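The structure under discussion appears below in the form of structure tokens.
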Amino acid sequence: MNNERQPLYMQIQNYFKRRINSGQLQAGDQIPTERELMAAFSVSRITVANALAQLAKEGWIYRVPGKGSFVGKDVSSLGITQETDRGKEADNAEKPGYSPARGAEAAASSGKTIGFIVPSVNDFFALRLIRGINDVLRGTPYFLNIVLTNESKEREREAIAELIRMGAVGLIIFPVDAEAYNEEILALKVNRFPFVLIDRYLPGVETHFVCSDSRKGAELAVSRLWELGHRDIAVCSDSPLQTITVQDRIAGYMDALKQKGALINPALMLTEFSIGAHDVEQGGHMLHRYIGSRLATAYITLNSTLGSHIAAIAAKLNMSVPGDLSIVTFDDPSPGLDNRARFTHVAQSEEEIGKQATRILLDALNEGPGEYRQVVLEPFLVEGTTTGPPSAR
């Protein structure tokens, strides 16, 4: 069997199985750290984590938190049979319909875990995603493990590796805002580990993903404000990093204005800043000065929390919404429990995004790899109380 045809994580597994079977590694011996294995095999952390997780599930090694990994005490009973079976698995890896994750699933004895990696749950967008995921998983043998990355690319890398180490058989990932792709996500693709991206995609990299049409959403927002008579429409993003989602929304904003025959005013494109509740309360933030200048009569915010911040700043400046300025947000910043929207917003069907992503992942787990599925949902505008005609100046 040609080693080059084996997935990298399997080559690492078989390397240790051979050393254990030959007696070069004895029960209780410590094996190299993840960092050392990454360097030795020139692979990513996710590959090493996947290999060690499988070795632990099969009993070849055991893990001691904070200390490392050690050769199992009863490895003599494993013998060469499992390695032979693994060799068959490696050969099968080249056959249509085969999924390495299905082997991992069969080996798992503690249940079937699906990991959901999300930057935060500070708004209702994330909570609605979770509700959609949970609706599909209800009644299945899978349960959900949610990890927050706190908008950290490094934490996202760690979360991917840790969930796999804990036995997750598939991942749903809401990537953090970052200037470059997370190499751990790319490693998932290389290792054919089942995962689905939500809310955003990786340009030039084919993966499963489910998102809303961000460009179309921005066009809907501009068109509605234009119908109301607004001509000075600002677009705002408090993400200092231009993700593909932010880029698509700004492109949609510009396209919509061009279709109206309007010139693009750079002064109405507010990006590359951050703001929190403390900034709103204390005052002095650039948005306080900008809103107070009344340069714009309407604001499109690229997330719901920012819309709430702008409404709060307007109130501090004794400006009324929608009398003095109108606000359209992406997503609804309110719970929406009474089916009445306070904010006019671009609805992205968050629950449906969660449901479709989960169905795609379950299909990948049950049927093996197939063609990548990209689902782009059609957004729609929900009229609330934050939009109206511009006031006379």
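The chains in the structure tokens are called A, B, ... from first to last as shown; in each chain the residues are counted from 1, and the ligands are counted from 1 in the order shown.
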### Task
List every residue of range 47-78 of chain A that DSSP, applied to the backbone of this structure, places in alpha helix (DSSP H), and write the result as a ChimeraX atom specification.
/A:47-58
### Task
Taking the DSSP assignment computed from this structure's backbone, write out as a ChimeraX atom specification all residues of range 163-357 of chain A that belong to strand (DSSP E).
/A:168-173,195-198,209-212,233-236,269-270,298-301,326-330,344-347
### Task
For range 346-358 of chain A, list every protein, DNA or RNA residue within 8 Å, evaluated using only C-alpha atoms, and leave out those in the same chain fewer than 2 positions away; present the list as an NGL selection string.
:A and (125-126 or 128-137 or 172 or 196-199 or 209-212 or 217-218 or 220-221 or 328-332 or 344 or 360-362 or 377-382)
### Task
Fewer than 5 positions away in the same chain doesn't count, so skip those; otherwise give me all residues within 7 Å of Ala296 in chain A, counting only C-alpha atoms, as an MDAnalysis selection string.
chainID A and resid 232:234
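With only C-alpha atoms as the atoms that count, the residue of A:Leu37, A:Thr207, A:Thr140, A:Phe343 with the shortest distance to Pro369 in chain A is A:Thr207.
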### Summary
Expressed in Å, the length from CA of Gly284 in chain A to CA of Thr386 in chain A is 23.8 Å
### Query
CA of Thr47 in chain A to CA of Pro119 in chain A: how many Å, to one decimal?
22.7 Å
### Task
Give me the residues within 8 Å of range 184-194 of chain A as a list of chain:residue names, counting only C-alpha atoms and dropping any in the same chain fewer than 4 places off.
A:Pro7, A:Leu8, A:Tyr9, A:Ser44, A:Arg45, A:Ile46, A:Thr47, A:Ser99, A:Pro100, A:Ala101, A:Arg157, A:Ile160, A:Val169, A:Gly170, A:Leu171, A:Thr207, A:Leu361, A:Ala364, A:Leu365, A:Pro369
### Query
By how many Å are CA of Arg35 in chain A and CA of Val48 in chain A apart?
8.8 Å
### Message
So that I can check the surroundings of Ala27 in chain A, please list as a PyMOL selection string every protein, DNA and RNA residue that reaches within 6 Å of it, counting only C-alpha atoms and ignoring chain neighbours fewer than 4 positions away.
### Response
chain A and resi 71-73
### Task
Tell me which of A:Phe16, A:His230, A:Glu154, A:Met254 sits closest to Asp324 in chain A, counting only C-alpha atoms.
A:His230
